[in-house]
>>> print(open('upload-v8.cif').read())   # mmCIF, C-alpha atoms
data_query
#
loop_
_atom_site.group_PDB
_atom_site.id
_atom_site.type_symbol
_atom_site.label_atom_id
_atom_site.label_comp_id
_atom_site.auth_asym_id
_atom_site.auth_seq_id
_atom_site.Cartn_x
_atom_site.Cartn_y
_atom_site.Cartn_z
ATOM 1 C CA VAL A 292 12.511 -21.808 16.385
ATOM 2 C CA ARG A 293 12.768 -21.368 20.157
ATOM 3 C CA GLY A 294 15.006 -23.641 22.140
ATOM 4 C CA ILE A 295 16.797 -24.990 19.088
ATOM 5 C CA GLY A 296 20.118 -26.432 20.220
ATOM 6 C CA LYS A 297 21.067 -27.734 16.809
ATOM 7 C CA ILE A 298 20.660 -26.384 13.294
ATOM 8 C CA GLY A 299 20.801 -28.969 10.526
ATOM 9 C CA GLY A 300 22.245 -31.471 13.014
ATOM 10 C CA ILE A 301 25.094 -29.109 13.978
ATOM 11 C CA ASN A 302 25.448 -27.726 17.496
ATOM 12 C CA ARG A 303 25.003 -23.942 17.661
ATOM 13 C CA ASN A 304 28.281 -23.542 19.536
ATOM 14 C CA HIS A 305 30.031 -25.378 16.725
ATOM 15 C CA LEU A 306 28.450 -23.007 14.228
ATOM 16 C CA ASP A 307 29.759 -20.014 16.174
ATOM 17 C CA LEU A 308 33.253 -21.517 16.144
ATOM 18 C CA LEU A 309 32.961 -22.276 12.433
ATOM 19 C CA SER A 310 31.871 -18.709 11.664
ATOM 20 C CA TYR A 311 34.740 -17.255 13.674
ATOM 21 C CA SER A 312 37.208 -19.635 11.994
ATOM 22 C CA MET A 313 36.058 -18.473 8.558
ATOM 23 C CA VAL A 314 36.705 -14.840 9.526
ATOM 24 C CA VAL A 315 40.174 -15.718 10.861
ATOM 25 C CA ILE A 316 41.023 -17.664 7.702
ATOM 26 C CA GLY A 317 39.913 -14.689 5.620
ATOM 27 C CA LEU A 318 42.124 -12.403 7.687
ATOM 28 C CA VAL A 319 45.151 -14.704 7.277
ATOM 29 C CA MET A 320 44.591 -14.963 3.518
ATOM 30 C CA ALA A 321 44.296 -11.177 3.263
ATOM 31 C CA VAL A 322 47.605 -10.652 5.078
ATOM 32 C CA VAL A 323 49.362 -13.278 2.950
ATOM 33 C CA GLY A 324 47.944 -11.785 -0.236
ATOM 34 C CA MET A 325 49.035 -8.298 0.818
ATOM 35 C CA ALA A 326 52.557 -9.507 1.617
ATOM 36 C CA ASN A 327 52.909 -11.249 -1.755
ATOM 37 C CA HIS A 328 51.513 -8.396 -3.840
ATOM 38 C CA ASP A 329 53.802 -7.366 -6.703
ATOM 39 C CA ALA A 330 53.354 -3.651 -6.067
ATOM 40 C CA ALA A 331 53.898 -3.807 -2.298
ATOM 41 C CA GLY A 332 54.259 -0.309 -0.850
ATOM 42 C CA PRO A 333 52.567 2.271 1.407
ATOM 43 C CA ASP A 334 49.861 3.189 -1.118
ATOM 44 C CA MET A 335 49.025 -0.420 -1.865
ATOM 45 C CA PHE A 336 48.980 -1.314 1.829
ATOM 46 C CA ARG A 337 46.585 1.565 2.600
ATOM 47 C CA LYS A 338 44.299 0.548 -0.247
ATOM 48 C CA TYR A 339 44.377 -3.122 0.747
ATOM 49 C CA LEU A 340 43.732 -2.376 4.426
ATOM 50 C CA GLY A 341 40.909 -0.025 3.464
ATOM 51 C CA GLU A 342 39.240 -2.792 1.459
ATOM 52 C CA LEU A 343 39.781 -5.256 4.327
ATOM 53 C CA ALA A 344 38.240 -2.820 6.819
ATOM 54 C CA ALA A 345 35.279 -2.206 4.495
ATOM 55 C CA PHE A 346 34.746 -5.969 4.184
ATOM 56 C CA HIS A 347 34.664 -6.503 7.953
ATOM 57 C CA PHE A 348 32.488 -3.421 8.446
ATOM 58 C CA ALA A 349 29.996 -4.864 5.959
ATOM 59 C CA LEU A 350 30.019 -8.153 7.879
ATOM 60 C CA ILE A 351 29.256 -6.367 11.147
ATOM 61 C CA PHE A 352 26.627 -4.138 9.577
ATOM 62 C CA LEU A 353 24.783 -6.846 7.636
ATOM 63 C CA VAL A 354 25.534 -10.188 9.303
ATOM 64 C CA GLY A 355 26.164 -8.991 12.861
ATOM 65 C CA GLN A 356 22.676 -7.686 13.557
ATOM 66 C CA SER A 357 20.949 -10.668 11.955
ATOM 67 C CA SER A 358 23.031 -13.098 14.052
ATOM 68 C CA PHE A 359 21.805 -11.351 17.205
ATOM 69 C CA TRP A 360 18.236 -11.574 15.911
ATOM 70 C CA VAL A 361 18.661 -15.335 15.582
ATOM 71 C CA LYS A 362 20.154 -15.624 19.077
ATOM 72 C CA THR A 363 17.346 -13.495 20.537
ATOM 73 C CA ILE A 364 14.613 -15.540 18.841
ATOM 74 C CA GLN A 365 16.148 -18.815 19.973
ATOM 75 C CA SER A 366 16.690 -17.667 23.557
ATOM 76 C CA PHE A 367 13.751 -15.351 24.275
ATOM 77 C CA GLY A 368 11.234 -15.490 21.424
ATOM 78 C CA MET A 369 10.290 -13.619 18.271
ATOM 79 C CA GLU A 370 8.487 -10.893 20.249
ATOM 80 C CA TRP A 371 11.866 -9.581 21.414
ATOM 81 C CA VAL A 372 12.870 -8.854 17.830
ATOM 82 C CA VAL A 373 9.520 -7.366 16.847
ATOM 83 C CA TYR A 374 9.066 -5.145 19.920
ATOM 84 C CA PRO A 375 12.297 -3.114 19.638
ATOM 85 C CA ALA A 376 11.917 -3.002 15.848
ATOM 86 C CA ILE A 377 8.517 -1.344 16.270
ATOM 87 C CA LEU A 378 10.002 1.146 18.753
ATOM 88 C CA VAL A 379 12.706 2.055 16.223
ATOM 89 C CA VAL A 380 10.038 2.624 13.560
ATOM 90 C CA ILE A 381 8.033 4.794 15.972
ATOM 91 C CA ASN A 382 11.141 6.789 16.839
ATOM 92 C CA ASP A 383 12.096 7.301 13.197
ATOM 93 C CA THR A 384 8.559 8.339 12.253
ATOM 94 C CA MET A 385 8.109 10.738 15.163
ATOM 95 C CA ALA A 386 11.541 12.278 14.570
ATOM 96 C CA TYR A 387 10.324 13.182 11.093
ATOM 97 C CA VAL A 388 6.969 14.500 12.368
ATOM 98 C CA PHE A 389 8.460 16.661 15.138
ATOM 99 C CA GLY A 390 11.225 17.771 12.805
ATOM 100 C CA VAL A 391 8.727 19.006 10.227
ATOM 101 C CA LEU A 392 6.475 20.689 12.796
ATOM 102 C CA LEU A 393 9.026 22.147 15.212
ATOM 103 C CA GLY A 394 12.485 21.591 13.741
ATOM 104 C CA LYS A 395 14.752 24.653 13.808
ATOM 105 C CA HIS A 396 18.141 23.401 14.986
ATOM 106 C CA LYS A 397 20.097 20.862 12.947
ATOM 107 C CA LEU A 398 21.342 17.833 14.884
ATOM 108 C CA LEU A 399 24.143 16.470 12.687
ATOM 109 C CA PRO A 400 23.911 18.513 9.478
ATOM 110 C CA ARG A 401 26.984 17.027 7.794
ATOM 111 C CA LEU A 402 25.708 13.488 8.158
ATOM 112 C CA SER A 403 21.936 13.847 8.106
ATOM 113 C CA PRO A 404 20.819 17.377 7.115
ATOM 114 C CA LYS A 405 17.119 16.709 7.747
ATOM 115 C CA LYS A 406 17.529 15.547 11.359
ATOM 116 C CA THR A 407 16.816 18.204 13.986
ATOM 117 C CA VAL A 408 17.308 18.534 17.741
ATOM 118 C CA GLU A 409 13.571 19.101 18.177
ATOM 119 C CA GLY A 410 12.800 15.979 16.177
ATOM 120 C CA PHE A 411 15.313 13.932 18.186
ATOM 121 C CA VAL A 412 13.907 15.048 21.564
ATOM 122 C CA GLY A 413 10.264 14.814 20.487
ATOM 123 C CA ALA A 414 10.813 11.321 19.094
ATOM 124 C CA ALA A 415 12.451 10.222 22.357
ATOM 125 C CA VAL A 416 9.456 11.372 24.386
ATOM 126 C CA ALA A 417 6.981 9.752 21.978
ATOM 127 C CA THR A 418 8.927 6.477 21.872
ATOM 128 C CA CYS A 419 9.133 6.190 25.659
ATOM 129 C CA ALA A 420 5.417 7.005 25.921
ATOM 130 C CA ALA A 421 4.618 4.201 23.472
ATOM 131 C CA ALA A 422 7.109 1.704 24.937
ATOM 132 C CA VAL A 423 5.111 0.901 28.095
ATOM 133 C CA PRO A 424 1.658 0.181 26.605
ATOM 134 C CA LEU A 425 3.258 -1.628 23.678
ATOM 135 C CA LEU A 426 5.206 -3.956 25.982
ATOM 136 C CA LYS A 427 2.064 -4.583 28.059
ATOM 137 C CA LEU A 428 0.308 -5.540 24.820
ATOM 138 C CA PHE A 429 3.070 -7.976 23.912
ATOM 139 C CA VAL A 430 3.125 -9.554 27.376
ATOM 140 C CA ASN A 431 -0.668 -9.910 27.505
ATOM 141 C CA ASN A 432 -0.912 -11.345 23.988
ATOM 142 C CA PHE A 433 1.804 -13.943 24.566
ATOM 143 C CA GLY A 434 0.343 -15.068 27.890
ATOM 144 C CA GLU A 435 1.649 -15.306 31.441
ATOM 145 C CA ASN A 436 3.918 -18.255 30.650
ATOM 146 C CA SER A 437 5.514 -16.663 27.602
ATOM 147 C CA LYS A 438 9.168 -15.770 27.564
ATOM 148 C CA ALA A 439 8.167 -12.103 27.425
ATOM 149 C CA SER A 440 6.372 -12.404 30.749
ATOM 150 C CA ILE A 441 9.135 -14.483 32.302
ATOM 151 C CA VAL A 442 11.808 -11.957 31.322
ATOM 152 C CA MET A 443 9.745 -9.035 32.568
ATOM 153 C CA GLY A 444 8.917 -10.708 35.846
ATOM 154 C CA THR A 445 5.819 -9.976 37.883
ATOM 155 C CA GLY A 446 4.426 -6.578 38.765
ATOM 156 C CA ASN A 447 3.582 -3.502 36.720
ATOM 157 C CA THR A 448 6.546 -1.523 38.120
ATOM 158 C CA ASN A 449 9.051 -4.036 36.777
ATOM 159 C CA LEU A 450 7.489 -3.994 33.327
ATOM 160 C CA VAL A 451 7.453 -0.189 33.189
ATOM 161 C CA LYS A 452 11.123 -0.102 34.186
ATOM 162 C CA HIS A 453 12.174 -2.474 31.404
ATOM 163 C CA ALA A 454 9.977 -0.729 28.839
ATOM 164 C CA LEU A 455 11.442 2.691 29.647
ATOM 165 C CA ILE A 456 15.022 1.391 29.530
ATOM 166 C CA ILE A 457 14.466 -0.150 26.105
ATOM 167 C CA GLY A 458 12.526 2.920 24.981
ATOM 168 C CA LEU A 459 15.341 5.249 26.042
ATOM 169 C CA TYR A 460 17.950 3.129 24.308
ATOM 170 C CA THR A 461 16.029 2.984 21.026
ATOM 171 C CA SER A 462 15.505 6.758 21.271
ATOM 172 C CA LEU A 463 18.953 7.980 22.302
ATOM 173 C CA ILE A 464 21.388 5.347 21.006
ATOM 174 C CA SER A 465 19.734 3.445 18.145
ATOM 175 C CA PRO A 466 19.482 6.513 15.855
ATOM 176 C CA PHE A 467 23.274 6.632 15.773
ATOM 177 C CA GLY A 468 23.205 3.382 13.823
ATOM 178 C CA GLY A 469 21.284 5.347 11.217
ATOM 179 C CA PHE A 470 23.778 8.213 11.395
ATOM 180 C CA LEU A 471 26.592 5.730 10.836
ATOM 181 C CA ALA A 472 24.744 4.394 7.796
ATOM 182 C CA SER A 473 24.353 7.976 6.547
ATOM 183 C CA ALA A 474 28.116 8.441 6.796
ATOM 184 C CA VAL A 475 28.666 5.303 4.701
ATOM 185 C CA LYS A 476 26.207 6.503 2.064
ATOM 186 C CA ARG A 477 27.763 9.964 1.925
ATOM 187 C CA ALA A 478 31.226 8.439 1.593
ATOM 188 C CA HIS A 479 30.008 6.756 -1.590
ATOM 189 C CA SER A 480 27.761 9.636 -2.781
ATOM 190 C CA ALA A 481 24.651 7.467 -2.480
ATOM 191 C CA LYS A 482 21.247 8.541 -1.208
ATOM 192 C CA ASP A 483 20.092 5.062 -0.175
ATOM 193 C CA PHE A 484 21.420 1.517 0.048
ATOM 194 C CA GLY A 485 18.733 0.251 -2.318
ATOM 195 C CA THR A 486 15.513 1.064 -4.173
ATOM 196 C CA LEU A 487 13.244 -1.772 -3.029
ATOM 197 C CA ILE A 488 10.919 0.521 -1.022
ATOM 198 C CA PRO A 489 9.965 3.657 -2.978
ATOM 199 C CA GLY A 490 10.813 6.779 -0.988
ATOM 200 C CA HIS A 491 12.517 4.791 1.777
ATOM 201 C CA GLY A 492 15.430 3.092 0.013
ATOM 202 C CA GLY A 493 16.244 -0.569 0.520
ATOM 203 C CA VAL A 494 15.940 -3.102 3.325
ATOM 204 C CA VAL A 495 19.233 -2.014 4.906
ATOM 205 C CA ASP A 496 17.951 1.574 5.061
ATOM 206 C CA ARG A 497 15.012 0.394 7.168
ATOM 207 C CA PHE A 498 17.133 -1.681 9.543
ATOM 208 C CA ASP A 499 20.319 0.364 9.870
ATOM 209 C CA CYS A 500 19.522 1.214 13.516
ATOM 210 C CA GLN A 501 19.486 -2.495 14.346
ATOM 211 C CA VAL A 502 23.274 -2.629 14.145
ATOM 212 C CA VAL A 503 23.329 -1.221 17.695
ATOM 213 C CA THR A 504 19.816 -2.246 18.797
ATOM 214 C CA ALA A 505 19.901 -6.012 18.175
ATOM 215 C CA PRO A 506 23.024 -6.707 20.282
ATOM 216 C CA PHE A 507 21.738 -4.525 23.136
ATOM 217 C CA ILE A 508 18.391 -6.333 23.313
ATOM 218 C CA PHE A 509 20.060 -9.750 23.445
ATOM 219 C CA PHE A 510 22.578 -8.783 26.140
ATOM 220 C CA TYR A 511 19.982 -6.840 28.135
ATOM 221 C CA LEU A 512 17.559 -9.761 28.217
ATOM 222 C CA LYS A 513 20.378 -12.156 29.046
ATOM 223 C CA THR A 514 21.355 -9.916 31.966
ATOM 224 C CA CYS A 515 17.736 -9.745 33.172
ATOM 225 C CA ILE A 516 17.437 -13.535 33.106
ATOM 226 C CA GLU A 517 20.678 -13.988 35.062
ATOM 227 C CA GLU A 518 19.566 -11.463 37.696
ATOM 228 C CA ALA A 519 16.156 -13.134 37.990
ATOM 229 C CA ILE A 520 17.797 -16.519 38.603
ATOM 230 C CA LYS A 521 20.042 -15.232 41.422
#
>>> encode(input="upload-v8.cif", output="C-alpha cells")
Amino acid sequence: VRGIGKIGGINRNHLDLLSYSMVVIGLVMAVVGMANHDAAGPDMFRKYLGELAAFHFALIFLVGQSSFWVKTIQSFGMEWVVYPAILVVINDTMAYVFGVLLGKHKLLPRLSPKKTVEGFVGAAVATCAAAVPLLKLFVNNFGENSKASIVMGTGNTNLVKHALIIGLYTSLISPFGGFLASAVKRAHSAKDFGTLIPGHGGVVDRFDCQVVTAPFIFFYLKTCIEEAIK
C-alpha cells in the first residue's frame, strides 16, 4: 500500500478534490432543499440544520479518521496506525484498572460516570511507560531502513522523545474522543454504537478515540519528516 500515488488509476489528489466536491454538492443541495420546503419557518430550519450538522458530524467521526489512516499508511507505513492504536487500547484498559482499584473522584460524571481522575492519571503514566519500549519494538522489528526508523531518526534520545510525545497525546487528548462519543450516545439514550463485540459495543466504540488520534499522528509525522529534511 505504501507509496501508492494512484488508486484505481486515479491520482490521490484528484480523489481528495472529488471527495470535497461531493461534500460541497451535498451542502448546496441541502440549502436549496431547505429554501424550497413547503413548511419553511424557524422550527423547520432548526430541524433541517440539526440534521445537516448530524450528517457532517457522522462524516467526520466515521470517514475522517479512516481517511487519515489511509494517508498515514501510504506515507509512513502501517506501523504508524497500529502503534498509536495499541497505545489507545493500553490507555483505555489501564484507566479501567486504576479506576477500579483507586478511583474515588469522578472525572466527567455527566458524560462518562465510570471514568475517574485516578484512572485518567494512572492510565497516562502507564501509557507513557509502555510507549517507549513499544516504539523500540516497532522500530527494531521493521528494520533500520523502515519508515518507522527514518521518521524517528537516529539515537535513543530522539526515539524516547517521540514516544513520550505520542504517549502523552494518546493519554491526555485521545480520551476526549471517547468522551465526545459518550455525549453522542447519551443524546440518543444508547449505551453503545453497536453490539458486535459482547461487553464492548461495536467497532465505533473501540475506535472512537481515533477521531482525534489519527489526524494528530499523520500531521505529527509529516512535521517530523519536514524538520528532518531541513
>>> closest_residue(input="upload-v8.cif", among="A:Val412, A:Val391, A:Leu402, A:Leu450", to="Ala474 in chain A", atoms="only C-alpha atoms")
A:Leu402
>>> resolve_selection(input="upload-v8.cif", expression="the PyMOL selection byres ((chain A and resi 410) around 12)", output="PyMOL selection string")
chain A and resi 382-399+405-409+411-418+462-463+466
>>> resolve_selection(input="upload-v8.cif", expression="the PyMOL selection byres ((chain A and resi 359) around 12)", output="PDB file with C-alpha atoms, in the frame of the given file")
ATOM      1  CA  ASP A 307      29.759 -20.014  16.174  1.00  0.00           C
ATOM      2  CA  ILE A 351      29.256  -6.367  11.147  1.00  0.00           C
ATOM      3  CA  PHE A 352      26.627  -4.138   9.577  1.00  0.00           C
ATOM      4  CA  LEU A 353      24.783  -6.846   7.636  1.00  0.00           C
ATOM      5  CA  VAL A 354      25.534 -10.188   9.303  1.00  0.00           C
ATOM      6  CA  GLY A 355      26.164  -8.991  12.861  1.00  0.00           C
ATOM      7  CA  GLN A 356      22.676  -7.686  13.557  1.00  0.00           C
ATOM      8  CA  SER A 357      20.949 -10.668  11.955  1.00  0.00           C
ATOM      9  CA  SER A 358      23.031 -13.098  14.052  1.00  0.00           C
ATOM     10  CA  TRP A 360      18.236 -11.574  15.911  1.00  0.00           C
ATOM     11  CA  VAL A 361      18.661 -15.335  15.582  1.00  0.00           C
ATOM     12  CA  LYS A 362      20.154 -15.624  19.077  1.00  0.00           C
ATOM     13  CA  THR A 363      17.346 -13.495  20.537  1.00  0.00           C
ATOM     14  CA  ILE A 364      14.613 -15.540  18.841  1.00  0.00           C
ATOM     15  CA  GLN A 365      16.148 -18.815  19.973  1.00  0.00           C
ATOM     16  CA  SER A 366      16.690 -17.667  23.557  1.00  0.00           C
ATOM     17  CA  PHE A 367      13.751 -15.351  24.275  1.00  0.00           C
ATOM     18  CA  MET A 369      10.290 -13.619  18.271  1.00  0.00           C
ATOM     19  CA  TRP A 371      11.866  -9.581  21.414  1.00  0.00           C
ATOM     20  CA  VAL A 372      12.870  -8.854  17.830  1.00  0.00           C
ATOM     21  CA  GLN A 501      19.486  -2.495  14.346  1.00  0.00           C
ATOM     22  CA  VAL A 502      23.274  -2.629  14.145  1.00  0.00           C
ATOM     23  CA  VAL A 503      23.329  -1.221  17.695  1.00  0.00           C
ATOM     24  CA  THR A 504      19.816  -2.246  18.797  1.00  0.00           C
ATOM     25  CA  ALA A 505      19.901  -6.012  18.175  1.00  0.00           C
ATOM     26  CA  PRO A 506      23.024  -6.707  20.282  1.00  0.00           C
ATOM     27  CA  PHE A 507      21.738  -4.525  23.136  1.00  0.00           C
ATOM     28  CA  ILE A 508      18.391  -6.333  23.313  1.00  0.00           C
ATOM     29  CA  PHE A 509      20.060  -9.750  23.445  1.00  0.00           C
ATOM     30  CA  PHE A 510      22.578  -8.783  26.140  1.00  0.00           C
ATOM     31  CA  TYR A 511      19.982  -6.840  28.135  1.00  0.00           C
ATOM     32  CA  LEU A 512      17.559  -9.761  28.217  1.00  0.00           C
ATOM     33  CA  LYS A 513      20.378 -12.156  29.046  1.00  0.00           C
TER      34      LYS A 513
END
>>> atom_distance(input="upload-v8.cif", atom1="CA of Arg401 in chain A", atom2="CA of Phe348 in chain A")
21.2 Å
>>> residues_around(input="upload-v8.cif", residues="range 451-460 of chain A", least_positions_apart="3", cutoff="7 Å", atoms="all atoms listed in the file", output="list in words")
Leu378, Ala415, Thr418, Cys419, Ala422, Val423, Leu426, Asn447, Thr448, Leu463, Ile464 and Ser465 of chain A
>>> residues_around(input="upload-v8.cif", residues="range 310-325 of chain A", least_positions_apart="3", cutoff="9 Å", atoms="all atoms listed in the file", output="PyMOL selection string")
chain A and resi 305-307+328-329+331+335-336+339-340+343+347
>>> atom_distance(input="upload-v8.cif", atom1="CA of Asn431 in chain A", atom2="CA of Asn449 in chain A")
14.7 Å
>>> atom_distance(input="upload-v8.cif", atom1="CA of Lys427 in chain A", atom2="CA of Gly468 in chain A")
26.7 Å
>>> closest_residue(input="upload-v8.cif", among="A:Ala472, A:Pro400, A:Glu370, A:Phe346", to="Leu425 in chain A", atoms="only C-alpha atoms")
A:Glu370
>>> axis_aligned_box(input="upload-v8.cif", around="range 475-479 of chain A", padding_each_side="3 Å", output="JSON")
{"center_x": 28.7, "center_y": 7.6, "center_z": 1.6, "size_x": 11.0, "size_y": 10.7, "size_z": 12.3}
>>> closest_residue(input="upload-v8.cif", among="A:Val430, A:Leu309, A:Ala344, A:Ala326", to="Gly368 in chain A", atoms="all atoms listed in the file")
A:Val430
